[in-house]
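Here the structure is laid out as C-alpha cells; the discussion comes afterwards.
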Amino acid sequence: MRRFFALSLATSLLGGCSCKGTPAPPAAVPDAGLAVRQQPAPPQAAPLPPAPPQEPTAYDKAVQLHQQGRMSGEVGNFKEALAYFQQARELAPQWPFPLYDTAYTYLLMGDAAKALAAYEQVDKLKPQGFAETKRMVECLRREKAGRIPKGTYREFLDVMRSRSPEELERKLEALTKAAPGFYPAWRELIPFGKSLDEQDKRMAKALSLEPDLQSKGELLVYKANLLRRRGKEVEARALLQSLVDDPKSLPSTVTDAKEALTFTLPP
C-alpha cells in the first residue's frame, strides 16, 4: 500500500510596536569598494546531545535469531537452525516465519511427521493462508495416508531446484509418473505444454486431483489466462469475478483475480 503525506508550511509574520518616534536606521557604510557590510550572523544553537541507543525489542531479537537460523540452514547445520528458530518463536510466538522455517527444516531433514505437525501449527496461526503452508499440509497428509508415495514432497523440492527449464520439465514428468496423484507436479508442468490443448489437459488433471484451496485458486486464475489466449475474454472475466465473489476464496486468490481483471489481452 502507498501512503501519501501532505505537508503544510505555516508562515509566521513578525510584528512590532508602532514605528512612530523610532529613529531611522543608520546608512550603510561602504567598505573599501565591497558590498554593504553584513550584519554578523546570530550565534548557532549548541547541538543537542545524541539520544541514547534504544534497547532492541523482543521482536527485533526474534528477527535476528530467525536470520541466524536461516544462515545455519543454508549451510546444512539443521540442528543449529532449529535451535535459533525455537528461540525466535519464544520471543515472538505470533510471528509465523520461525515456525514455517522450522517445518521446512524438518522436511529437508527427511522428518515428514515433524514437518507436518509444524506446518499444521502455522496453518492454525494463519488460517487465511501463509506462503505454501496449505499445499504443504495437504500433500504431507496425503503422504501419511498413503495416497501418494512417502518422500514425494521432499523429492519435489529437489526437482524445483533444477538448473534449466529442460531439466525441470524432464524431472517433473518423471515425478508425475512415479506419483500420478501428486498435483503440484502437474501444476508446475502446465506452462511446459507445447499447445493450449496440452496445457488445458494438464490443468484439468491438476484440478481433478482435488488440490488444496490455495492451489485451486491459483490454477483457476491460470485457467482464466488460458481462456483469454483462446479469445474467450468474457468467459475468462466471468471466472475471475466468481473467484472474487466466492466467500470461500483465500485473500491471495481474491488479490490475484482482481489483478487479472485489471487488464485485457490485446487482440
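If you're wondering about the labels, chains in the C-alpha cells are A, B, ... by order shown, residues count from 1 in each chain, ligands from 1 in order shown.
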With region 181-184 of chain A as the partner and 12 Å as the cut-off, tabulate the residues of region 72-147 of chain A that qualify, each row holding the nearest pair of atoms and their distance in Å to one decimal, using only C-alpha atoms, sorted by chain and rising number, as CSV.
residue,atom,partner,partner_atom,distance
A:Glu132,CA,A:Pro184,CA,11.1
A:Lys134,CA,A:Pro184,CA,11.9
A:Arg135,CA,A:Pro184,CA,8.3
A:Met136,CA,A:Pro184,CA,9.9
A:Glu138,CA,A:Phe182,CA,10.5
A:Cys139,CA,A:Phe182,CA,7.7
A:Leu140,CA,A:Phe182,CA,10.6
A:Arg141,CA,A:Phe182,CA,11.9
A:Arg142,CA,A:Phe182,CA,9.1
A:Glu143,CA,A:Phe182,CA,9.7
A:Gly146,CA,A:Gly181,CA,10.9
A:Arg147,CA,A:Gly181,CA,7.5
Written file, previous selection with C-alpha atoms, as a compact mmCIF listing (two decimals), in the first residue's frame:
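Dumped to part29.txt:
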# COMPACT_ATOMS: atom_id res chain seq x y z
CA GLU A 132 2.99 -22.55 0.77
CA LYS A 134 -1.77 -25.13 2.83
CA ARG A 135 -0.15 -27.01 -0.03
CA MET A 136 2.46 -28.48 2.31
CA GLU A 138 -2.37 -31.25 2.21
CA CYS A 139 0.44 -33.08 0.44
CA LEU A 140 2.09 -34.32 3.64
CA ARG A 141 -1.27 -35.54 4.90
CA ARG A 142 -1.69 -37.49 1.67
CA GLU A 143 1.76 -38.99 2.12
CA GLY A 146 -0.57 -43.46 1.65
CA ARG A 147 -2.36 -41.62 -1.16
message: Applying 7 Å and only C-alpha atoms, which residues near region 115-125 of chain A remain after dropping the ones on its own chain fewer than 3 positions away? List them as number ranges by chain.
response: A: 96, 99-100, 102-104, 106-107, 111-112, 129, 133-134, 137, 140
Residue with smallest distance to Arg187 (chain A) - pool A:Gln68, A:Gln94, A:Ser215, A:Ser164, counting only C-alpha atoms: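 So, comparing all the options, the nearest one is A:Ser215.
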- prompt: Between A:Leu108, A:Met160, A:Ala257, A:Ala178, which one has atoms that come closest to Glu74 (chain A), using only C-alpha atoms?
  reply: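 Distance minimum relative to Glu74 (chain A) lands on A:Leu108.
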task: May I have all residues of region 38-108 of chain A that DSSP, computed from the backbone, assigns to alpha helix (DSSP H), given as an MDAnalysis selection string?
output: chainID A and resid 58:74 78:91 96:108
field: Who sits within 10 Å of Ala88 (chain A), only C-alpha atoms, same chain under 5 positions skipped, as a list in words
entry: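 Surrounding residues, per the criterion: Ala58, Tyr59, Asp60, Lys61, Ala62, Val63, Gln64, Leu65, His66, Gln67, Gln68, Gly69, Leu82, Ala83, Pro93, Trp95, Phe97, Pro98 and Leu99 of chain A.
The two atoms in question, CA of Leu250 (chain A) and CA of Gln214 (chain A), are spaced 6.7 Å apart.
Pairwise distance (CA of Leu240 (chain A), CA of Ala131 (chain A)) equals 21.4 Å.
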query: What lies within 9 Å of region 70-73 of chain A using only C-alpha atoms, ignoring chain neighbours under 4 positions off, as a ChimeraX atom specification?
result: /A:65-66,77-82,84-85,101,105
Convert the current residue selection to file output with C-alpha atoms, as a CSV table (one decimal), in the first residue's frame.
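Dumped everything to selection-v1.csv:
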chain,number,residue,atom,x,y,z
A,65,LEU,CA,17.7,-15.1,15.6
A,66,HIS,CA,15.5,-16.1,12.7
A,77,ASN,CA,23.5,-27.0,10.0
A,78,PHE,CA,19.9,-28.1,10.5
A,79,LYS,CA,20.0,-28.7,14.3
A,80,GLU,CA,21.6,-25.3,14.9
A,81,ALA,CA,19.0,-23.7,12.7
A,82,LEU,CA,16.2,-25.4,14.6
A,84,TYR,CA,17.7,-20.5,16.5
A,85,PHE,CA,14.1,-20.8,15.2
A,101,ASP,CA,11.1,-22.4,8.6
A,105,THR,CA,13.9,-27.6,8.0
task: Show which residues sit within 12 Å of Leu220 (chain A), as an NGL selection string. Count only C-alpha atoms, and ignore same-chain residues fewer than 4 positions away.
output: :A and (187 or 200 or 203-204 or 206-207 or 211 or 213-216 or 224-227 or 236-244 or 249 or 253-254 or 256-257 or 260)
Write the residues you've just listed into a file as a short mmCIF file (atom, residue, chain, number, x, y, z; two decimals), in the first residue's frame, and include N, CA, C and O atoms for each of them.
data_model
loop_
_atom_site.label_atom_id
_atom_site.label_comp_id
_atom_site.auth_asym_id
_atom_site.auth_seq_id
_atom_site.Cartn_x
_atom_site.Cartn_y
_atom_site.Cartn_z
N ARG A 187 0.72 -29.18 -11.71
CA ARG A 187 0.56 -27.72 -11.72
C ARG A 187 1.78 -27.04 -12.34
O ARG A 187 1.63 -26.11 -13.15
N ASP A 200 -4.29 -27.21 -21.34
CA ASP A 200 -5.64 -27.43 -20.80
C ASP A 200 -5.76 -28.82 -20.18
O ASP A 200 -6.39 -28.99 -19.12
N MET A 203 -3.98 -28.82 -16.91
CA MET A 203 -4.79 -28.05 -15.97
C MET A 203 -5.94 -28.89 -15.43
O MET A 203 -6.19 -28.95 -14.21
N ALA A 204 -6.64 -29.58 -16.35
CA ALA A 204 -7.77 -30.42 -15.94
C ALA A 204 -7.30 -31.54 -15.03
O ALA A 204 -7.99 -31.90 -14.06
N ALA A 206 -4.66 -31.52 -12.96
CA ALA A 206 -4.34 -30.97 -11.64
C ALA A 206 -5.61 -30.68 -10.84
O ALA A 206 -5.69 -30.98 -9.65
N LEU A 207 -6.62 -30.11 -11.49
CA LEU A 207 -7.87 -29.79 -10.79
C LEU A 207 -8.63 -31.05 -10.39
O LEU A 207 -9.31 -31.07 -9.36
N PRO A 211 -6.94 -30.33 -5.45
CA PRO A 211 -5.86 -29.64 -4.75
C PRO A 211 -6.36 -28.83 -3.56
O PRO A 211 -7.57 -28.62 -3.40
N LEU A 213 -7.05 -25.49 -1.25
CA LEU A 213 -7.79 -24.30 -1.65
C LEU A 213 -6.89 -23.24 -2.29
O LEU A 213 -7.28 -22.58 -3.26
N GLN A 214 -5.69 -23.09 -1.77
CA GLN A 214 -4.77 -22.10 -2.34
C GLN A 214 -4.36 -22.50 -3.75
O GLN A 214 -4.40 -21.68 -4.67
N SER A 215 -3.96 -23.76 -3.93
CA SER A 215 -3.54 -24.23 -5.25
C SER A 215 -4.70 -24.17 -6.24
O SER A 215 -4.52 -23.82 -7.42
N LYS A 216 -5.90 -24.51 -5.78
CA LYS A 216 -7.06 -24.47 -6.67
C LYS A 216 -7.30 -23.05 -7.17
O LYS A 216 -7.58 -22.83 -8.36
N ALA A 224 -8.13 -18.93 -16.36
CA ALA A 224 -8.68 -17.73 -16.99
C ALA A 224 -7.71 -17.16 -18.01
O ALA A 224 -8.12 -16.66 -19.07
N ASN A 225 -6.42 -17.26 -17.72
CA ASN A 225 -5.41 -16.79 -18.67
C ASN A 225 -5.45 -17.62 -19.95
O ASN A 225 -5.33 -17.09 -21.06
N LEU A 226 -5.61 -18.93 -19.80
CA LEU A 226 -5.70 -19.79 -20.98
C LEU A 226 -6.95 -19.47 -21.80
O LEU A 226 -6.92 -19.48 -23.04
N LEU A 227 -8.05 -19.17 -21.13
CA LEU A 227 -9.27 -18.78 -21.84
C LEU A 227 -9.04 -17.51 -22.65
O LEU A 227 -9.50 -17.38 -23.79
N ALA A 236 -13.44 -15.69 -19.48
CA ALA A 236 -12.32 -15.55 -18.56
C ALA A 236 -12.65 -14.57 -17.43
O ALA A 236 -12.40 -14.85 -16.25
N ARG A 237 -13.24 -13.43 -17.78
CA ARG A 237 -13.58 -12.42 -16.77
C ARG A 237 -14.67 -12.93 -15.84
O ARG A 237 -14.67 -12.61 -14.64
N ALA A 238 -15.59 -13.74 -16.37
CA ALA A 238 -16.64 -14.31 -15.51
C ALA A 238 -16.02 -15.25 -14.48
O ALA A 238 -16.44 -15.26 -13.31
N LEU A 239 -15.04 -16.03 -14.90
CA LEU A 239 -14.37 -16.95 -13.97
C LEU A 239 -13.62 -16.17 -12.89
O LEU A 239 -13.71 -16.50 -11.70
N LEU A 240 -12.90 -15.15 -13.29
CA LEU A 240 -12.16 -14.34 -12.33
C LEU A 240 -13.10 -13.65 -11.34
O LEU A 240 -12.82 -13.60 -10.13
N GLN A 241 -14.21 -13.11 -11.84
CA GLN A 241 -15.16 -12.43 -10.95
C GLN A 241 -15.78 -13.41 -9.98
O GLN A 241 -16.05 -13.05 -8.81
N SER A 242 -16.00 -14.65 -10.41
CA SER A 242 -16.56 -15.65 -9.50
C SER A 242 -15.60 -15.95 -8.35
O SER A 242 -16.02 -16.21 -7.22
N LEU A 243 -14.30 -15.90 -8.63
CA LEU A 243 -13.30 -16.10 -7.57
C LEU A 243 -13.31 -14.93 -6.59
O LEU A 243 -13.15 -15.12 -5.38
N VAL A 244 -13.47 -13.74 -7.11
CA VAL A 244 -13.53 -12.55 -6.25
C VAL A 244 -14.76 -12.60 -5.35
O VAL A 244 -14.69 -12.26 -4.16
N SER A 249 -13.01 -18.13 -1.12
CA SER A 249 -11.71 -17.82 -1.72
C SER A 249 -10.77 -17.25 -0.67
O SER A 249 -11.17 -16.42 0.16
N THR A 253 -6.08 -15.51 -3.38
CA THR A 253 -6.80 -15.79 -4.61
C THR A 253 -7.58 -14.56 -5.07
O THR A 253 -7.59 -14.22 -6.26
N VAL A 254 -8.25 -13.90 -4.13
CA VAL A 254 -9.00 -12.69 -4.47
C VAL A 254 -8.08 -11.62 -5.04
O VAL A 254 -8.40 -10.96 -6.04
N ASP A 256 -5.14 -12.06 -6.56
CA ASP A 256 -4.69 -12.45 -7.90
C ASP A 256 -5.79 -12.26 -8.94
O ASP A 256 -5.53 -11.80 -10.06
N ALA A 257 -7.03 -12.62 -8.58
CA ALA A 257 -8.14 -12.48 -9.52
C ALA A 257 -8.42 -11.02 -9.83
O ALA A 257 -8.68 -10.64 -10.98
N ALA A 260 -5.83 -9.74 -12.18
CA ALA A 260 -6.06 -10.25 -13.54
C ALA A 260 -7.21 -9.51 -14.23
O ALA A 260 -7.22 -9.38 -15.45
#
message: Counting only C-alpha atoms, which residue out of A:Leu196, A:Ala92, A:Leu209, A:Ala185 sits closest to Arg230 (chain A)?
response: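 Checking each of A:Leu196, A:Ala92, A:Leu209, A:Ala185 against Arg230 (chain A), counting only C-alpha atoms, the winner is A:Leu196.
A straight line drawn from CA of Pro180 (chain A) to CA of Lys114 (chain A) is 24.9 Å long.
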